[in-house]
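So this one's run_3.cif, mmCIF, C-alpha atoms:
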```
data_upload
loop_
_atom_site.label_atom_id
_atom_site.label_comp_id
_atom_site.auth_asym_id
_atom_site.auth_seq_id
_atom_site.Cartn_x
_atom_site.Cartn_y
_atom_site.Cartn_z
CA MET A 72 87.39 75.20 107.43
CA GLU A 73 88.86 77.01 110.45
CA SER A 74 92.37 76.33 109.16
CA ARG A 75 91.34 77.68 105.74
CA ASN A 76 89.93 80.90 107.19
CA ASN A 77 92.96 81.50 109.41
CA SER A 78 95.35 80.98 106.50
CA ILE A 79 93.46 83.45 104.27
CA LYS A 80 93.33 85.89 107.18
CA ASN A 81 97.13 85.67 107.44
CA VAL A 82 97.37 86.33 103.69
CA ALA A 83 95.38 89.54 104.19
CA LEU A 84 97.24 90.72 107.29
CA LEU A 85 100.68 90.12 105.78
CA GLY A 86 99.58 91.97 102.66
CA ILE A 87 98.33 94.96 104.64
CA VAL A 88 101.46 95.29 106.77
CA PHE A 89 104.07 94.87 104.04
CA ASN A 90 102.18 96.88 101.43
CA ILE A 91 101.88 99.84 103.81
CA ILE A 92 105.64 99.68 104.36
CA LEU A 93 106.32 99.47 100.62
CA LEU A 94 103.76 102.17 99.83
CA THR A 95 105.45 104.59 102.23
CA LEU A 96 108.97 103.90 100.97
CA LYS A 97 108.03 104.08 97.27
CA LEU A 98 106.08 107.33 97.47
CA ILE A 99 108.69 109.09 99.62
CA VAL A 100 111.54 108.14 97.28
CA GLY A 101 109.37 108.49 94.16
CA PHE A 102 108.17 112.04 94.84
CA ALA A 103 111.60 113.11 96.11
CA SER A 104 113.20 111.97 92.84
CA ARG A 105 110.15 112.66 90.58
CA SER A 106 110.40 109.11 89.20
CA GLN A 107 107.08 108.33 87.47
CA ALA A 108 107.81 104.61 87.50
CA MET A 109 108.45 104.57 91.26
CA ILE A 110 105.39 106.76 91.94
CA ALA A 111 103.28 104.42 89.80
CA ASP A 112 104.72 101.48 91.72
CA GLY A 113 103.83 103.27 94.96
CA PHE A 114 100.20 103.79 93.92
CA ASN A 115 100.16 100.15 92.90
CA SER A 116 101.07 99.30 96.52
CA ALA A 117 98.23 101.58 97.69
CA GLY A 118 95.89 99.43 95.62
CA ASP A 119 97.46 96.35 97.19
CA VAL A 120 96.67 97.66 100.68
CA PHE A 121 93.02 98.06 99.67
CA ALA A 122 93.02 94.59 98.08
CA SER A 123 94.40 93.02 101.26
CA LEU A 124 91.81 94.87 103.35
CA MET A 125 89.01 93.55 101.08
CA THR A 126 90.50 90.07 101.44
CA LEU A 127 90.32 90.38 105.23
CA ILE A 128 86.69 91.54 105.20
CA GLY A 129 85.60 89.10 102.49
CA ASN A 130 87.18 86.17 104.30
CA LYS A 131 85.48 87.14 107.56
CA ILE A 132 82.05 87.21 105.92
CA SER A 133 82.53 84.04 103.84
CA ALA A 134 83.70 82.17 106.97
CA GLN A 135 80.33 82.64 108.68
CA PRO A 136 78.46 79.31 109.08
CA TYR A 137 75.16 78.29 107.51
CA ASP A 138 72.08 80.00 108.88
CA LYS A 139 68.33 80.21 108.20
CA ASP A 140 68.70 82.83 105.47
CA HIS A 141 71.86 81.32 103.95
CA PRO A 142 71.39 77.52 103.89
CA TYR A 143 74.54 77.10 101.78
CA GLY A 144 76.69 79.50 103.78
CA HIS A 145 78.25 82.84 102.84
CA GLY A 146 80.96 81.60 100.47
CA LYS A 147 80.00 83.88 97.58
CA ALA A 148 81.18 86.85 99.64
CA GLU A 149 84.69 85.76 98.66
CA TYR A 150 83.86 86.36 94.99
CA ILE A 151 82.00 89.62 95.63
CA PHE A 152 85.03 91.07 97.41
CA SER A 153 87.34 89.71 94.71
CA MET A 154 85.29 91.71 92.23
CA ILE A 155 85.64 94.82 94.41
CA ILE A 156 89.42 94.27 94.34
CA SER A 157 89.29 94.14 90.52
CA PHE A 158 87.45 97.50 90.42
CA SER A 159 90.03 99.13 92.70
CA LEU A 160 92.87 97.85 90.51
CA ALA A 161 91.13 99.27 87.42
CA VAL A 162 91.02 102.73 89.04
CA VAL A 163 94.70 102.49 89.99
CA SER A 164 95.55 101.41 86.45
CA PHE A 165 93.76 104.41 84.91
CA ASN A 166 95.43 106.92 87.23
CA ILE A 167 98.91 105.49 86.67
CA ILE A 168 98.57 105.53 82.88
CA LYS A 169 97.21 109.09 82.92
CA SER A 170 100.04 110.33 85.17
CA ALA A 171 102.72 108.61 83.06
CA ILE A 172 101.32 109.98 79.78
CA ASP A 173 101.24 113.50 81.25
CA SER A 174 104.86 113.07 82.31
CA LEU A 175 105.78 111.85 78.83
CA SER A 176 103.99 114.78 77.18
CA ASN A 177 105.65 117.33 79.46
CA LYS A 178 109.07 115.64 79.05
CA GLU A 179 109.64 115.50 82.81
CA VAL A 180 112.84 113.94 84.11
CA PHE A 181 113.66 112.45 87.50
CA LEU A 182 116.62 112.82 89.83
CA TYR A 183 118.59 109.58 90.15
CA THR A 184 119.33 108.40 93.69
CA PRO A 185 120.66 105.03 94.94
CA TRP A 186 117.61 104.84 97.23
CA LEU A 187 115.49 104.12 94.16
CA VAL A 188 117.52 100.95 93.58
CA VAL A 189 117.41 99.94 97.27
CA VAL A 190 113.61 100.33 97.48
CA ALA A 191 113.12 98.45 94.20
CA LEU A 192 115.27 95.49 95.30
CA PHE A 193 113.57 95.36 98.72
CA THR A 194 110.18 95.32 96.97
CA ILE A 195 111.14 92.50 94.61
CA ILE A 196 112.36 90.26 97.45
CA THR A 197 109.37 91.02 99.69
CA LYS A 198 106.80 90.50 96.94
CA PHE A 199 108.34 87.23 95.78
CA CYS A 200 108.10 85.81 99.32
CA LEU A 201 104.48 86.99 99.65
CA PHE A 202 103.64 85.47 96.26
CA LYS A 203 104.99 82.05 97.25
CA TYR A 204 103.04 82.06 100.52
CA CYS A 205 99.72 83.31 99.06
CA ASN A 206 99.96 80.96 96.08
CA LYS A 207 100.46 78.00 98.40
CA VAL A 208 97.44 78.97 100.51
CA GLY A 209 95.30 79.71 97.44
CA HIS A 210 95.91 76.33 95.79
CA ARG A 211 95.70 74.40 99.03
CA TYR A 212 92.27 75.81 99.93
CA ASN A 213 90.99 76.69 96.42
CA SER A 214 90.57 80.33 97.49
CA LEU A 215 90.07 82.99 94.80
CA LEU A 216 90.85 85.70 97.34
CA ALA A 217 94.23 84.18 98.21
CA LEU A 218 95.01 83.45 94.55
CA ALA A 219 94.06 87.03 93.59
CA ASN A 220 96.51 88.28 96.20
CA ALA A 221 99.17 85.84 94.97
CA GLU A 222 98.69 87.00 91.38
CA ASP A 223 98.92 90.61 92.51
CA HIS A 224 102.17 89.95 94.41
CA ARG A 225 103.62 88.09 91.42
CA ASN A 226 102.70 90.95 89.11
CA ASP A 227 104.36 93.37 91.51
CA VAL A 228 107.65 91.49 91.13
CA PHE A 229 107.59 92.13 87.38
CA VAL A 230 106.26 95.67 87.82
CA THR A 231 109.15 96.55 90.11
CA LEU A 232 111.63 94.89 87.75
CA PHE A 233 110.37 97.33 85.11
CA THR A 234 110.73 100.12 87.64
CA LEU A 235 114.31 99.06 88.33
CA MET A 236 115.00 99.03 84.59
CA SER A 237 113.71 102.60 84.26
CA ILE A 238 115.89 103.69 87.19
CA ILE A 239 119.00 102.18 85.62
CA THR A 240 118.27 103.76 82.23
CA GLY A 241 117.63 107.06 84.03
CA PHE A 242 121.14 106.86 85.44
CA PHE A 243 122.32 106.96 81.81
CA ASN A 244 120.00 109.93 81.10
CA LEU A 245 117.43 107.88 79.14
CA PHE A 246 114.57 109.46 81.08
CA ILE A 247 111.86 108.70 78.51
CA VAL A 248 112.00 105.04 79.58
CA ASP A 249 110.70 106.06 83.03
CA ALA A 250 107.42 107.40 81.66
CA ILE A 251 107.02 104.50 79.21
CA VAL A 252 107.51 102.00 82.05
CA GLY A 253 104.87 103.88 84.05
CA VAL A 254 102.39 103.30 81.20
CA LEU A 255 103.33 99.62 80.94
CA ILE A 256 102.83 99.17 84.69
CA GLY A 257 99.37 100.72 84.41
CA ILE A 258 98.44 98.39 81.54
CA TRP A 259 99.69 95.37 83.49
CA ILE A 260 97.58 96.31 86.52
CA GLY A 261 94.58 96.78 84.23
CA TYR A 262 95.04 93.27 82.85
CA THR A 263 95.23 91.85 86.37
CA SER A 264 92.01 93.70 87.22
CA PHE A 265 90.22 92.11 84.25
CA SER A 266 91.53 88.63 85.10
CA ILE A 267 90.28 88.79 88.71
CA PHE A 268 86.94 90.28 87.59
CA SER A 269 86.41 87.45 85.08
CA SER A 270 87.06 84.72 87.65
CA ALA A 271 84.59 86.25 90.12
CA TYR A 272 82.01 87.01 87.42
CA TYR A 273 81.78 83.41 86.20
CA VAL A 274 81.02 82.15 89.71
CA LEU A 275 78.55 84.91 90.61
CA MET A 276 76.69 84.31 87.33
CA ASP A 277 76.28 80.62 88.26
CA THR A 278 78.50 79.28 85.48
CA THR A 279 78.25 75.50 85.33
CA ILE A 280 80.93 73.08 86.42
CA ASP A 281 83.82 72.31 84.05
CA PRO A 282 82.77 69.79 81.31
CA ALA A 283 85.80 67.58 81.97
CA ILE A 284 84.83 67.31 85.65
CA LYS A 285 81.23 66.58 84.64
CA GLU A 286 82.42 63.71 82.46
CA GLU A 287 84.35 62.33 85.43
CA LEU A 288 81.24 62.52 87.61
CA VAL A 289 79.16 60.75 84.98
CA ALA A 290 81.68 57.89 84.79
CA LYS A 291 81.66 57.66 88.58
CA ILE A 292 77.87 57.46 88.72
CA GLU A 293 77.49 54.96 85.88
CA SER A 294 79.92 52.60 87.61
CA ILE A 295 77.31 52.04 90.35
CA ASP A 296 75.30 48.81 90.03
CA GLY A 297 71.69 49.29 89.00
CA ILE A 298 72.21 52.50 87.02
CA ASP A 299 71.60 52.29 83.29
CA HIS A 300 72.84 55.79 82.48
CA VAL A 301 72.91 59.42 83.59
CA ASP A 302 70.22 61.61 82.02
CA THR A 303 71.47 65.02 83.19
CA ILE A 304 73.79 66.67 85.69
CA THR A 305 73.03 70.28 86.53
CA SER A 306 75.44 72.19 88.77
CA LYS A 307 74.92 75.43 90.67
CA PRO A 308 77.72 77.29 92.49
CA VAL A 309 76.95 77.81 96.18
CA GLY A 310 79.82 79.89 97.47
CA LEU A 311 83.01 77.90 97.16
CA THR A 312 81.34 74.63 96.15
CA PHE A 313 78.59 73.24 93.92
CA LEU A 314 75.07 71.90 94.39
CA LEU A 315 74.52 69.01 91.97
CA ILE A 316 71.12 67.97 90.62
CA VAL A 317 71.53 64.50 89.13
CA LYS A 318 68.91 62.68 87.06
CA ILE A 319 69.60 59.00 86.45
CA SER A 320 67.74 56.20 84.69
CA VAL A 321 67.23 52.82 86.36
CA ASP A 322 65.03 49.80 85.70
CA GLY A 323 61.50 51.03 86.33
CA SER A 324 60.32 47.66 87.60
CA GLN A 325 62.47 47.91 90.75
CA THR A 326 60.99 48.66 94.17
CA ILE A 327 60.99 52.16 95.63
CA PHE A 328 63.29 50.88 98.35
CA LYS A 329 65.84 49.66 95.79
CA GLY A 330 65.64 52.95 93.88
CA HIS A 331 66.19 54.91 97.09
CA GLU A 332 69.21 52.76 97.88
CA ILE A 333 70.73 53.49 94.46
CA GLY A 334 70.09 57.22 94.91
CA ASN A 335 71.88 57.18 98.26
CA GLN A 336 74.90 55.49 96.70
CA VAL A 337 75.06 58.22 94.05
CA LYS A 338 74.93 60.95 96.67
CA HIS A 339 77.57 59.36 98.90
CA GLN A 340 79.93 58.82 95.95
CA LEU A 341 79.68 62.45 94.81
CA MET A 342 79.90 63.95 98.30
CA ASP A 343 83.45 62.60 98.49
CA TYR A 344 84.53 65.44 96.17
CA ASP A 345 85.65 68.57 98.04
CA TYR A 346 83.93 70.89 95.57
CA VAL A 347 80.49 69.26 96.07
CA ASP A 348 78.34 70.73 98.85
CA ASP A 349 75.13 68.77 98.31
CA VAL A 350 73.56 66.36 95.80
CA ILE A 351 69.91 65.97 94.81
CA VAL A 352 69.16 62.72 92.97
CA HIS A 353 66.10 62.14 90.79
CA LEU A 354 65.28 58.69 89.37
CA ASN A 355 63.78 58.05 85.94
CA ALA A 356 62.67 54.75 84.43
CA THR A 357 65.00 53.53 81.69
CA GLN A 358 61.97 52.37 79.73
CA ILE A 359 60.88 56.04 79.43
CA HIS A 360 64.33 57.74 79.29
CA PRO A 361 66.48 55.55 77.04
CA GLN A 362 68.82 58.34 75.85
CA LYS A 363 71.83 59.93 77.51
CA ASN A 364 71.76 63.74 77.67
CA TYR A 365 74.06 64.69 80.51
CA ILE A 366 76.09 67.46 78.85
CA LYS A 367 73.79 70.27 79.87
#
```
Let me see the file written as structure tokens.
Amino acid sequence: MESRNNSIKNVALLGIVFNIILLTLKLIVGFASRSQAMIADGFNSAGDVFASLMTLIGNKISAQPYDKDHPYGHGKAEYIFSMIISFSLAVVSFNIIKSAIDSLSNKEVFLYTPWLVVVALFTIITKFCLFKYCNKVGHRYNSLLALANAEDHRNDVFVTLFTLMSIITGFFNLFIVDAIVGVLIGIWIGYTSFSIFSSAYYVLMDTTIDPAIKEELVAKIESIDGIDHVDTITSKPVGLTFLLIVKISVDGSQTIFKGHEIGNQVKHQLMDYDYVDDVIVHLNATQIHPQKNYIK
């Protein structure tokens, strides 16, 4: 867990440092040349700074150990702060689209400068490297915060490619492309905002575990000697993992000791999965519960 927290912390710190650098370069060159696409890209980097800061704070809170008031830890903080990131991206998206549409309506043009190309290429290279690192951390530790940052960095690569396209077309006096690209960038950021919000929402609303995984767990349980079938499996997200409540049917004529032994085997088998935090096992008599009803 310490390695996980340190890796996510590095994701946040790298994001803050490089996004501040990119934010500064983009806005200086963007306002100097009046390029709406570059200005939009710059405000996108401002949103990235905020997102990285939220990642740092969210990771610090979620890394706190179990305590009396939080018996399953503070893992849901990761999803709360991911949702905050989605809100910030939505605001950035709205402002970028509004600014680009105003520019399009007023038929504003920008002043071409080679620095626009230099900043765009530097951004693409930097963001690609950050994406690869954050994506690796996110998948390795199943971290929504790290994956949200990775998705944001990946989107920025495409966003800046659009920016570069508008700069090149501006060189040939096709200035309308600049404003249109600004709108497209805003829409793209809005989509990213919705995607991150949805992922966090499903966890915070205690959405159950994936049905395919549940089927796998049922097969695992029913392979244990003494178990007739699984009655139900109910899952509840507890931060980054799940609490499982498992009801199984066994021969009702067995001793309590034997039933307890079977229950322990079920718990130990399921605790081997990284996404399982705890397992509560309830035994039913097969004579009373003859039907399977585990998809619940």
Applied to the shown file, which residues does the PyMOL selection byres ((chain A and resi 299) around 9) return, written as a list in words? Glu293, Asp296, Gly297, Ile298, His300, Val301, Ile319, Ser320, Val321, Asp322, Thr357 and Pro361 of chain A
Considering all atoms listed in the file, state which residue in the set A:Leu187, A:Ile195, A:Phe121, A:Asn81 is at the smallest distance from Ile99 in chain A. A:Leu187
For the atom pair CA of Val230 in chain A and CA of Lys198 in chain A, what is the interatomic distance in Å to one decimal place?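 These atoms are spaced 10.5 Å apart.
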Hits from the PyMOL selection byres ((chain A and resi 317) around 10), listed as a PyMOL selection string: chain A and resi 289+292+301-306+314-316+318-319+334+337-338+350-354+365
Test item: residues at most 10 Å from Phe265 in chain A, only C-alpha atoms, excluding those fewer than 3 positions along its chain, as an NGL selection string: :A and (154 or 157-158 or 160-161 or 260-262 or 268-270)
Could you tell me how far CA of Val208 in chain A sits from CA of Asn115 in chain A, in Å to one decimal place?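 Separating CA of Asn115 in chain A from CA of Val208 in chain A is a distance of 22.7 Å.
Using all atoms listed in the file for every distance, the candidate list A:Val228, A:Phe233, A:Ile295, A:Phe152 yields A:Phe152 as the residue closest to Tyr272 in chain A.
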Return the single residue from A:Lys169, A:Arg225, A:Arg211, A:Lys97 that is closest to Ala250 in chain A, with distances computed using all atoms listed in the file.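 Under the stated criterion, the closest residue is A:Lys169.
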Please indicate the distance in Å from CA of His145 in chain A to CA of Glu286 in chain A, rounded to one decimal place. 28.3 Å
Using the chain letters and numbers from the file, give me the residues hit by the PyMOL selection byres ((chain A and resi 224) around 12), as a short mmCIF file (atom, residue, chain, number, x, y, z; two decimals) with C-alpha atoms, in the coordinates of the input.
```cif
data_model
loop_
_atom_site.label_atom_id
_atom_site.label_comp_id
_atom_site.auth_asym_id
_atom_site.auth_seq_id
_atom_site.Cartn_x
_atom_site.Cartn_y
_atom_site.Cartn_z
CA VAL A 82 97.37 86.33 103.69
CA ALA A 83 95.38 89.54 104.19
CA LEU A 85 100.68 90.12 105.78
CA GLY A 86 99.58 91.97 102.66
CA PHE A 89 104.07 94.87 104.04
CA ASN A 90 102.18 96.88 101.43
CA ASN A 115 100.16 100.15 92.90
CA SER A 116 101.07 99.30 96.52
CA GLY A 118 95.89 99.43 95.62
CA ASP A 119 97.46 96.35 97.19
CA VAL A 120 96.67 97.66 100.68
CA ALA A 122 93.02 94.59 98.08
CA SER A 123 94.40 93.02 101.26
CA THR A 194 110.18 95.32 96.97
CA ILE A 195 111.14 92.50 94.61
CA ILE A 196 112.36 90.26 97.45
CA THR A 197 109.37 91.02 99.69
CA LYS A 198 106.80 90.50 96.94
CA PHE A 199 108.34 87.23 95.78
CA CYS A 200 108.10 85.81 99.32
CA LEU A 201 104.48 86.99 99.65
CA PHE A 202 103.64 85.47 96.26
CA LYS A 203 104.99 82.05 97.25
CA TYR A 204 103.04 82.06 100.52
CA CYS A 205 99.72 83.31 99.06
CA ASN A 206 99.96 80.96 96.08
CA ALA A 217 94.23 84.18 98.21
CA LEU A 218 95.01 83.45 94.55
CA ALA A 219 94.06 87.03 93.59
CA ASN A 220 96.51 88.28 96.20
CA ALA A 221 99.17 85.84 94.97
CA GLU A 222 98.69 87.00 91.38
CA ASP A 223 98.92 90.61 92.51
CA ARG A 225 103.62 88.09 91.42
CA ASN A 226 102.70 90.95 89.11
CA ASP A 227 104.36 93.37 91.51
CA VAL A 228 107.65 91.49 91.13
CA PHE A 229 107.59 92.13 87.38
CA VAL A 230 106.26 95.67 87.82
CA THR A 231 109.15 96.55 90.11
CA ILE A 260 97.58 96.31 86.52
CA THR A 263 95.23 91.85 86.37
#
```
For each of A:Asn213, A:Thr126, A:Asn166, A:Ser104, take the minimum atom-to-atom distance to Asp345 in chain A, counting all atoms listed in the file, then give the residue where this is smallest.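 So, comparing all the options, the nearest one is A:Asn213.
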Quick one: residues within 10 Å of Phe243 in chain A, only C-alpha atoms counted, chain neighbours fewer than 5 positions away excluded, as an NGL selection string? :A and (183 or 237-238)
